[in-house]
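> This structure is in C-alpha cells; I'll ask about it shortly.
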Amino acid sequence: MAGGEGTRLRPLTSNQPKPMVPIVGKPCMEHILELLRDHGFEDIVITVAFLPQAIRSYFGDGDSLGLNIEYSVEESPLGTAGSVRLASDRLDDTFLVISGDALCDIDIEQIVEFHRAKGADVTIGLKSVENPLEFGIVVTDEDGRVERFLEKPSWGQVFSDTINTGIYVLEPEVLRHIPTDSPFDFSKELFPLLLEMGRPIYGYVCDGYWQDIGNLDQYRQANFDALDEKVRLNVPGLKIRGDVWIGEGVEIDDVEGVEGPAFIGNYCTVSPESSVGPYSVLGPTTTLRERSRVARSVIDASCYIGRSAVIEGAILGRNCDVRPHARVHEGVAIGDQVTLGDQSAVFPGVRIYPYKEVEYGAQIHESLIWESRGTTRVFSQDGVVGLVNVDLTPEVALRFGAALGTSLKRGARVVASRESAPPYRMIKRALISGLNSTGVHVADLRTLPAPVGKHLMKTQGYDASFHVGASTTDPEAVQIRLFERPGVALSTAMQKEIEKHFTRQELRRVPFGAVGSIGYPARARESYANDLLAELDGEAIRARSFRIVVDYGYSAGSFVLPLLLGPLGVEAITAHAFESDVGTAPVRLGETIDQARRLVPTVEATFGAVFDRSAERIFLIDETGREVRPDQALLLFLHLIGLRSSGTVAVPITATSQVEQVVGGKLNVVRTEASLSGLTQAAASDGVIFAGAPGGGFVFPGFLPAYDAIASLCKLLELLAAVEQPLSKLVAQLPRPTLIHRQVQCPWALKGTVMRVLNERYADGNVDVTDGIKIFDERGWVQVLPDADEPVIHLYAEGETTETSEDLENELRTLVTDVIEREEIGARA
C-alpha cells in the first residue's frame with residue numbers, strides 16, 4: 001500500500017510520496033520490500049496514487065531487489081480496501097496486505113501460518129502500543145477471534161491497547177464484498193461488515209518492532225530507533241565501533257570523532273573540524289564544511305552544510321543549502337531545495353516548505369508561509385483553555401479562529417460573545433479576525449451570556465457560536481467554548497477537524513472582496529427573553545409571588561434575567577451583577593456561594609440561585625441558607641419534572657443510580673457519555689424533555705439544548721409553583737447520596753493497558769461500555785474512566801450505603817494500582 005500523501009509529514013512529503021521518505025539511507029518502503037523478500041515473498045503488487053512515478057522510477061520491476069513488482073494505479077480515491085480490489089485480477093490465492101510507510105521487522109511468516117491454522121478469512125496483525133488513541137483498536141477473545149473494532153477512540157472507549165497495524169492476511173473471496181463505485185476502507189467498513197456477517201476474522205499479536213510514520217516526530221524516532229538497532233534493518237554501509245555506519249566513498253578525516261550512534265551515507269564529505277554528533281543521519285552526498293555541527297538530526301541526500309553552521313534536532317529534505325553560521329533549532333522541518341542564508345536562524349518548531357529562500361541574517365519564528373507554531377493538542381475536555389498571553393496569545397487565538405473558519409464553509413455565519421474583562425475582549429477580537437480571514441461572517445454580541453449566543457444561533461440559523469470567558473476550573477485562565485447547531489456543544493468530529501487545520505497550519509485565505517464581515521445584532525437579549533417567556537407558565541409563577549436571591553457571579557446574565565423576572569412577578573435581591581470591563585477581578589465560585597448562603601435567610605427569600613461566570617451553570621441555596629449539592633439539585637429537577645411530565649431525560653453514565661429511583665418509572669432515563677458534547681447531543685434528540693449533570697448544568701431542550709442558568713432558574717420557578725413545600729423539605733425527601741468519585745494517578749502510557757486488563761477481567765460480567773467501563777454486581781456498581789486531559793484515571797463507586805461504596809472503590813483502586821505498579825516494575829526491569 002503506497003498511495004499515501006502523508007500530509008502530516010509535510011514539508012517532507014510536499015513533493016514525494018510518504019513511502020519514499022528515507023530511513024537511514026533508504027526509502028521506508030525499500031526496508032518493507034526487503035522484509036517481504038527475506039520472509040519468502042516474491043510477487044509484489046504496489047498500489048500507487050500520489051506521485052506514482054516517483055515510486056515506479058525508483059523500484060522498477062523489482063529485479064534489483066530480487067522481486068517481481070507490478071503496479072496498480074488508483075486514478076481516484078478508492079479507500080484502502082478499494083485500492084486493493086482494483087488489483088484483484090492478480091490476487092487468486094491467500095495474500096498479504098502491508099503498508100509501505102510503517103517501519104517494522106515483524107515475522108510475516110508467523111502471521112500467515114496463524115491465518116491458515118485458524119482457517120480465517122481475514123487475519124489482522126496487531127501490536128500493543130502505549131497510546132492507542134491515534135489508531136484503530138481491535139478487541140479479540142482468548143482464541144484471537146475478533147470481537148470488536150474501534151477507529152481512533154477517545155480514552156473513554158479504550159478497552160485494549162492492541163491496535164491495527166495495517167498488516168492483513170486475506171482470502172481473495174473477501175474482495176467480493178468491496179463495492180466498485182465508491183471508496184471503501186478495510187478497518188472502518190469491510191472488516192465490520194464481515195464481522196457482522198459472522199465470517200472468521202482473527203487478530204494476531206505480533207512480536208518485533210512496528211512504528212507508524214505518520215508525523216514528523218514519528219519519522220525522526222524511526223530513524224533513531226534504526227540507529228539504536230531496535231528494528232532489524234539492512235542498513236547500507238560498513239558498521240564500525242558498534243554504532244556508526246559509514247557508506248561507500250565517504251570522505252572523512254577522523255572517524256573516531258563521530259559520536260555514535262550515527263549514519264553517514266554514500267559519498268558524503270565530512271570536513272576537518274566538523275562535528276557529527278549522536279543520532280545524526282546524513283543522506284548520500286551530503287557535505288559538512290569546517291566547524292559545522294550536526295546532532296540528533298535527519299538530513300536527506302545532497303545537502304550542503306556551510307562553515308560553522310549548527311543543526312540540532314532538525315529534519316532537512318533533499319538538496320538544501322545551509323550557508324555559513326546559520327543555525328537550525330530543535331523540531332524544525334525543512335523541505336527540499338531550501339536555502340538558508342548566512343547567519344540566519346530558524347527557531348524551534350518552524351516548518352519551511354520546499355523551494356524557499358531565507359535571506360541573510362533573517363530570524364524565522366514562523367513557518368513559511370504558514371502561521372506561527374502552536375501546540376499539537378488544541379481542545380481540552382472543557383474547550384480551549386490557557387493562561388492569557390502565555391498559552392493563549394492573540395497569535396494563537398487568531399490562528400484558532402482561522403482554523404475554525406477553515407472547518408466551516410466559506411460564507412458561513414458565526415455568533416460571538418464574551419464575559420467582562422479586557423483579556424476576554426482581546427481574545428474574542430483575535431478569534432473574529434481569524435474567522436473573517438477565511439471568509440466567515442461574525443455576529444458580535446459583545447458582552448452577553450453564552451446562552452443568548454446559542455439561542456441566536458438556533459433561531460437565526462447561524463452555523464456555530466463561541467463564547468470567551470473564565471475557565472470553570474481556574475478563574476485566571478481564559479476558556480473558549482464552541483457550539484454548533486442547534487446550540488449543542490461542539491462534536492468530537494468537528495473538534496478534530498478544527499484541530500487538524502490548526503496543527504497542520506493549513507488555513508483557507510480569501511481574497512480582498514471575500515473577507516468576512518462583522519455585524520452587531522439588535523435586540524438579541526430581548527428575543528431570548530420573549531422566547532423563554534413563551535415556554536413558561538407565567539400565570540402560575542406570578543401566583544406564587546416568589547422572593548429569591550440571585551448572585552450573578554459578575555456574569556452578563558444580569559443584562560437578561562430582569563427582562564424575565566419582571567413579567568413573571570418575581571421579586572429578586574441580586575448581588576455581583578456585571579459592572580464593566582474594568583476592574584472585576586476573577587472571583588471563585590465558592591466565594592459567591594458563601595455570600596449567597598448568608599443573604600438568603602437574612603432577606604427571608606424562597607431560595608437562592610448562584611450563576612457561574614458564563615451564566616451556564618446554576619447552584620441552589622434553600623430557604624435556610626444551606627447549599628443544595630449539585631448532584632441533589634439534579635435529583636430535585638428530575639423529581640419535580642416527574643410530578644407533571646412524561647418523556648425521556650438524559651444524564652451522564654457517571655451520574656448516581658438514584659436517578660432511576662427518583663423518577664420511579666415516570667420518565668425514561670437515557671445514559672450518555674460523560675462529556676458535555678455527549679449530553680447535549682442526546683438532549684437534542686426527539687422526545688428528550690430534560691438533561692442534566694451533577695456539576696450544576698441543566699438542559700431544557702424544548703427551549704435550548706444547552707446548559708443555561710437563566711432558563712434553568714425560570715424553569716425551576718415554574719416547577720416549584722406547582723408544589724407547596726419549601727425547597728429544604730423537597731431536598732430532604734431525596735435519597736441520601738452514596739456515590740464516591742476518586743482519582744488515581746496513571747501515566748499516559750499505561751492508560752490503555754489498565755483498560756485492556758479490566759476489559760479482559762470483566763469480559764463475562766455485567767458491564768456498560770458507553771464511556772469507560774462500568775461494572776455492576778449485587779452490591780452496586782463501579783466505573784473506570786480515563787481522563788482526557790490529565791494523567792489520571794477516574795474511579796466511581798456507588799452502593800446502597802456509603803460504607804459499601806467505600807468498599808467497592810477500595811477494591812477497584814487496588815486492582816487499578818496493581819496493574820500500574822506491575823507494568824512500571826516490568827518497564828524498569
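Letters for chains follow the order of the C-alpha cells (A, B, ...), residue numbers begin at 1 for each chain, and ligand numbers begin at 1 in the order shown.
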If you count only C-alpha atoms, which residues fall within 6 Å of region 425-435 of chain A, apart from same-chain ones fewer than 4 positions away, as a list in words?
Pro394, Ala397, Leu398, Gly401, Ala402, Gly405 and Val440 of chain A
> Give me a file of those residues, with C-alpha atoms, as a PDB file, in the first residue's frame.

```
ATOM      1  CA  PRO A 394      -3.552  36.747  20.391  1.00  0.00           C
ATOM      2  CA  ALA A 397      -6.320  32.850  19.052  1.00  0.00           C
ATOM      3  CA  LEU A 398      -6.044  34.326  15.566  1.00  0.00           C
ATOM      4  CA  GLY A 401     -10.196  31.414  14.603  1.00  0.00           C
ATOM      5  CA  ALA A 402      -8.808  30.758  11.122  1.00  0.00           C
ATOM      6  CA  GLY A 405     -13.307  29.242   9.775  1.00  0.00           C
ATOM      7  CA  VAL A 440     -16.710  33.728   7.556  1.00  0.00           C
TER       8      VAL A 440
END
```
> Could you tell me, as a PyMOL selection string, which residues of region 9-193 of chain A DSSP assigns to strand (DSSP E or B) when given the backbone?
chain A and resi 22-23+26-27+43-48+68-73+95-97+102-104+122-128+136-140+145-151+162-170
> Let me make sure I understand: among A:Arg241, A:Asn436, A:Glu809, A:Ile111, which one has the smallest atom-to-atom distance to Gly519 (chain A) if we use only C-alpha atoms?
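Closest candidate: A:Asn436.
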> Contacts of Val73 (chain A) at 12 Å or less, counting only C-alpha atoms, minus same-chain residues fewer than 5 places along, as a ChimeraX atom specification?
/A:1-3,45-53,55-56,78,82-87
> Could you please take those selected residues and save N, CA and C atoms as a PDB file, in the first residue's frame?

```
ATOM      1  N   MET A   1       0.867  -1.179   0.000  1.00  0.00           N
ATOM      2  CA  MET A   1       0.000   0.000   0.000  1.00  0.00           C
ATOM      3  C   MET A   1       0.902   1.227   0.000  1.00  0.00           C
ATOM      4  N   ALA A   2       0.932   1.950  -1.103  1.00  0.00           N
ATOM      5  CA  ALA A   2       1.884   3.058  -1.225  1.00  0.00           C
ATOM      6  C   ALA A   2       1.232   4.287  -1.833  1.00  0.00           C
ATOM      7  N   GLY A   3      -0.055   4.485  -1.540  1.00  0.00           N
ATOM      8  CA  GLY A   3      -0.763   5.608  -2.145  1.00  0.00           C
ATOM      9  C   GLY A   3      -0.869   6.829  -1.271  1.00  0.00           C
ATOM     10  N   VAL A  45       2.551  -6.590  -5.572  1.00  0.00           N
ATOM     11  CA  VAL A  45       1.761  -5.570  -6.264  1.00  0.00           C
ATOM     12  C   VAL A  45       1.787  -4.319  -5.394  1.00  0.00           C
ATOM     13  N   ILE A  46       2.203  -3.202  -5.970  1.00  0.00           N
ATOM     14  CA  ILE A  46       2.262  -1.939  -5.238  1.00  0.00           C
ATOM     15  C   ILE A  46       1.110  -1.051  -5.709  1.00  0.00           C
ATOM     16  N   THR A  47       0.239  -0.636  -4.778  1.00  0.00           N
ATOM     17  CA  THR A  47      -0.835   0.296  -5.120  1.00  0.00           C
ATOM     18  C   THR A  47      -0.311   1.710  -4.968  1.00  0.00           C
ATOM     19  N   VAL A  48      -0.447   2.512  -6.009  1.00  0.00           N
ATOM     20  CA  VAL A  48       0.094   3.867  -6.011  1.00  0.00           C
ATOM     21  C   VAL A  48      -1.008   4.855  -6.382  1.00  0.00           C
ATOM     22  N   ALA A  49      -0.884   6.083  -5.880  1.00  0.00           N
ATOM     23  CA  ALA A  49      -1.862   7.126  -6.189  1.00  0.00           C
ATOM     24  C   ALA A  49      -1.173   8.483  -6.297  1.00  0.00           C
ATOM     25  N   PHE A  50      -0.551   8.943  -5.190  1.00  0.00           N
ATOM     26  CA  PHE A  50       0.095  10.257  -5.168  1.00  0.00           C
ATOM     27  C   PHE A  50       1.512  10.160  -5.736  1.00  0.00           C
ATOM     28  N   LEU A  51       1.811  10.928  -6.776  1.00  0.00           N
ATOM     29  CA  LEU A  51       3.123  10.920  -7.445  1.00  0.00           C
ATOM     30  C   LEU A  51       3.608   9.496  -7.706  1.00  0.00           C
ATOM     31  N   PRO A  52       2.838   8.703  -8.459  1.00  0.00           N
ATOM     32  CA  PRO A  52       3.205   7.292  -8.657  1.00  0.00           C
ATOM     33  C   PRO A  52       4.527   7.087  -9.365  1.00  0.00           C
ATOM     34  N   GLN A  53       4.903   8.033 -10.232  1.00  0.00           N
ATOM     35  CA  GLN A  53       6.126   7.844 -10.999  1.00  0.00           C
ATOM     36  C   GLN A  53       7.356   7.859 -10.104  1.00  0.00           C
ATOM     37  N   ILE A  55       7.699   6.406  -7.295  1.00  0.00           N
ATOM     38  CA  ILE A  55       7.875   5.034  -6.810  1.00  0.00           C
ATOM     39  C   ILE A  55       8.280   4.114  -7.953  1.00  0.00           C
ATOM     40  N   ARG A  56       7.608   4.249  -9.084  1.00  0.00           N
ATOM     41  CA  ARG A  56       7.911   3.370 -10.234  1.00  0.00           C
ATOM     42  C   ARG A  56       9.345   3.542 -10.712  1.00  0.00           C
ATOM     43  N   LEU A  78     -10.086   5.527  -3.678  1.00  0.00           N
ATOM     44  CA  LEU A  78     -10.907   4.327  -3.540  1.00  0.00           C
ATOM     45  C   LEU A  78     -10.915   3.781  -2.125  1.00  0.00           C
ATOM     46  N   GLY A  82     -10.708  -0.439  -1.375  1.00  0.00           N
ATOM     47  CA  GLY A  82     -10.980  -0.232  -2.793  1.00  0.00           C
ATOM     48  C   GLY A  82      -9.736  -0.290  -3.643  1.00  0.00           C
ATOM     49  N   SER A  83      -8.621   0.224  -3.139  1.00  0.00           N
ATOM     50  CA  SER A  83      -7.389   0.201  -3.929  1.00  0.00           C
ATOM     51  C   SER A  83      -6.869  -1.219  -4.102  1.00  0.00           C
ATOM     52  N   VAL A  84      -7.080  -2.082  -3.080  1.00  0.00           N
ATOM     53  CA  VAL A  84      -6.658  -3.478  -3.209  1.00  0.00           C
ATOM     54  C   VAL A  84      -7.579  -4.215  -4.183  1.00  0.00           C
ATOM     55  N   ARG A  85      -8.875  -3.919  -4.113  1.00  0.00           N
ATOM     56  CA  ARG A  85      -9.810  -4.578  -5.034  1.00  0.00           C
ATOM     57  C   ARG A  85      -9.478  -4.242  -6.482  1.00  0.00           C
ATOM     58  N   LEU A  86      -8.934  -3.056  -6.699  1.00  0.00           N
ATOM     59  CA  LEU A  86      -8.544  -2.658  -8.051  1.00  0.00           C
ATOM     60  C   LEU A  86      -7.518  -3.623  -8.643  1.00  0.00           C
ATOM     61  N   ALA A  87      -6.735  -4.252  -7.760  1.00  0.00           N
ATOM     62  CA  ALA A  87      -5.711  -5.210  -8.216  1.00  0.00           C
ATOM     63  C   ALA A  87      -6.177  -6.652  -8.061  1.00  0.00           C
TER      64      ALA A  87
END
```
> If you run DSSP on the backbone, which residues of region 84-227 of chain A are helix (DSSP H, G or I), as a ChimeraX atom specification?
/A:84-85,88-90,108-118,132-134,155-157,172-177,186-197,216-227
> Please report the interatomic distance between CA of Pro27 (chain A) and CA of Pro348 (chain A) in Å with one decimal.
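Computing the Euclidean distance for CA of Pro27 (chain A) and CA of Pro348 (chain A) yields 26.2 Å.
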> To one decimal place in Å, what is the distance between CA of His467 (chain A) and CA of Ser614 (chain A)?
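A separation of 8.3 Å between them.
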> Write out as a PyMOL selection string which residues come within 9 Å of Glu173 (chain A) when counting only C-alpha atoms, dropping same-chain ones fewer than 3 positions away.
chain A and resi 92+121+170+176-177
> Find, counting only C-alpha atoms, the residue in A:Val138, A:Val276, A:Gly25, A:Gln381 that gets nearest to Ser302 (chain A).
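The answer is A:Gly25, which sits nearest to Ser302 (chain A).
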> With only C-alpha atoms as the counted atoms, please give the residues lying no more than 12 Å from Asp474 (chain A), apart from itself and same-chain residues fewer than 6 positions off, as a compact mmCIF listing (two decimals) with all heavy atoms, in the first residue's frame.

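Produced file selection_38.txt, reproduced below:
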```txt
# COMPACT_ATOMS: atom_id res chain seq x y z
N ASP A 382 -12.97 20.80 28.35
CA ASP A 382 -13.85 21.95 28.54
C ASP A 382 -13.63 23.03 27.50
O ASP A 382 -13.81 24.22 27.78
CB ASP A 382 -13.65 22.54 29.94
CG ASP A 382 -14.06 21.58 31.04
OD1 ASP A 382 -15.10 20.92 30.88
OD2 ASP A 382 -13.33 21.47 32.03
N VAL A 385 -8.48 26.07 26.58
CA VAL A 385 -8.18 26.75 27.83
C VAL A 385 -6.69 27.09 27.88
O VAL A 385 -5.85 26.29 27.47
CB VAL A 385 -8.54 25.86 29.05
CG1 VAL A 385 -8.28 26.60 30.35
CG2 VAL A 385 -9.99 25.41 28.98
N GLY A 386 -6.38 28.28 28.40
CA GLY A 386 -4.97 28.65 28.56
C GLY A 386 -4.84 29.95 29.31
O GLY A 386 -5.78 30.76 29.39
N LEU A 387 -3.66 30.16 29.86
CA LEU A 387 -3.36 31.43 30.52
C LEU A 387 -3.17 32.50 29.46
O LEU A 387 -2.44 32.29 28.48
CB LEU A 387 -2.11 31.30 31.39
CG LEU A 387 -2.23 30.38 32.60
CD1 LEU A 387 -0.88 30.24 33.28
CD2 LEU A 387 -3.28 30.89 33.58
N VAL A 388 -3.80 33.65 29.66
CA VAL A 388 -3.74 34.70 28.66
C VAL A 388 -2.30 35.18 28.49
O VAL A 388 -1.56 35.36 29.46
CB VAL A 388 -4.69 35.86 29.03
CG1 VAL A 388 -4.21 36.60 30.26
CG2 VAL A 388 -4.85 36.80 27.86
N PRO A 586 -11.09 38.18 38.80
CA PRO A 586 -11.72 36.86 38.87
C PRO A 586 -12.14 36.51 40.30
O PRO A 586 -11.41 36.72 41.25
CB PRO A 586 -10.61 35.92 38.37
CG PRO A 586 -9.71 36.79 37.55
CD PRO A 586 -9.76 38.13 38.20
N VAL A 587 -13.37 36.01 40.43
CA VAL A 587 -13.91 35.60 41.72
C VAL A 587 -14.23 34.12 41.66
O VAL A 587 -14.85 33.65 40.70
CB VAL A 587 -15.19 36.40 42.06
CG1 VAL A 587 -15.79 35.92 43.37
CG2 VAL A 587 -14.88 37.89 42.14
N ARG A 588 -13.81 33.39 42.66
CA ARG A 588 -14.07 31.95 42.68
C ARG A 588 -15.52 31.70 43.02
O ARG A 588 -16.14 32.40 43.83
CB ARG A 588 -13.15 31.26 43.68
CG ARG A 588 -11.68 31.32 43.25
CD ARG A 588 -10.81 30.37 44.05
NE ARG A 588 -9.44 30.43 43.59
CZ ARG A 588 -8.96 29.72 42.57
NH1 ARG A 588 -9.75 28.88 41.93
NH2 ARG A 588 -7.69 29.83 42.21
N LEU A 589 -16.06 30.65 42.43
CA LEU A 589 -17.47 30.32 42.60
C LEU A 589 -17.81 30.09 44.07
O LEU A 589 -18.88 30.49 44.55
CB LEU A 589 -17.81 29.08 41.76
CG LEU A 589 -19.26 28.62 41.77
CD1 LEU A 589 -20.17 29.68 41.16
CD2 LEU A 589 -19.39 27.31 40.99
N ARG A 613 -19.76 32.28 35.85
CA ARG A 613 -19.39 33.50 35.12
C ARG A 613 -20.01 33.56 33.72
O ARG A 613 -20.29 34.64 33.20
CB ARG A 613 -17.86 33.58 35.03
CG ARG A 613 -17.32 34.93 34.56
CD ARG A 613 -17.44 35.98 35.64
NE ARG A 613 -16.90 37.27 35.20
CZ ARG A 613 -15.77 37.79 35.68
NH1 ARG A 613 -15.09 37.16 36.61
NH2 ARG A 613 -15.35 38.96 35.25
```
> Ranking A:Val24, A:Asp336, A:Asn223, A:Val468 by minimum distance to Gly247 (chain A) and counting only C-alpha atoms, which one comes first?
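Using only C-alpha atoms, Gly247 (chain A) sits closest to A:Val24.
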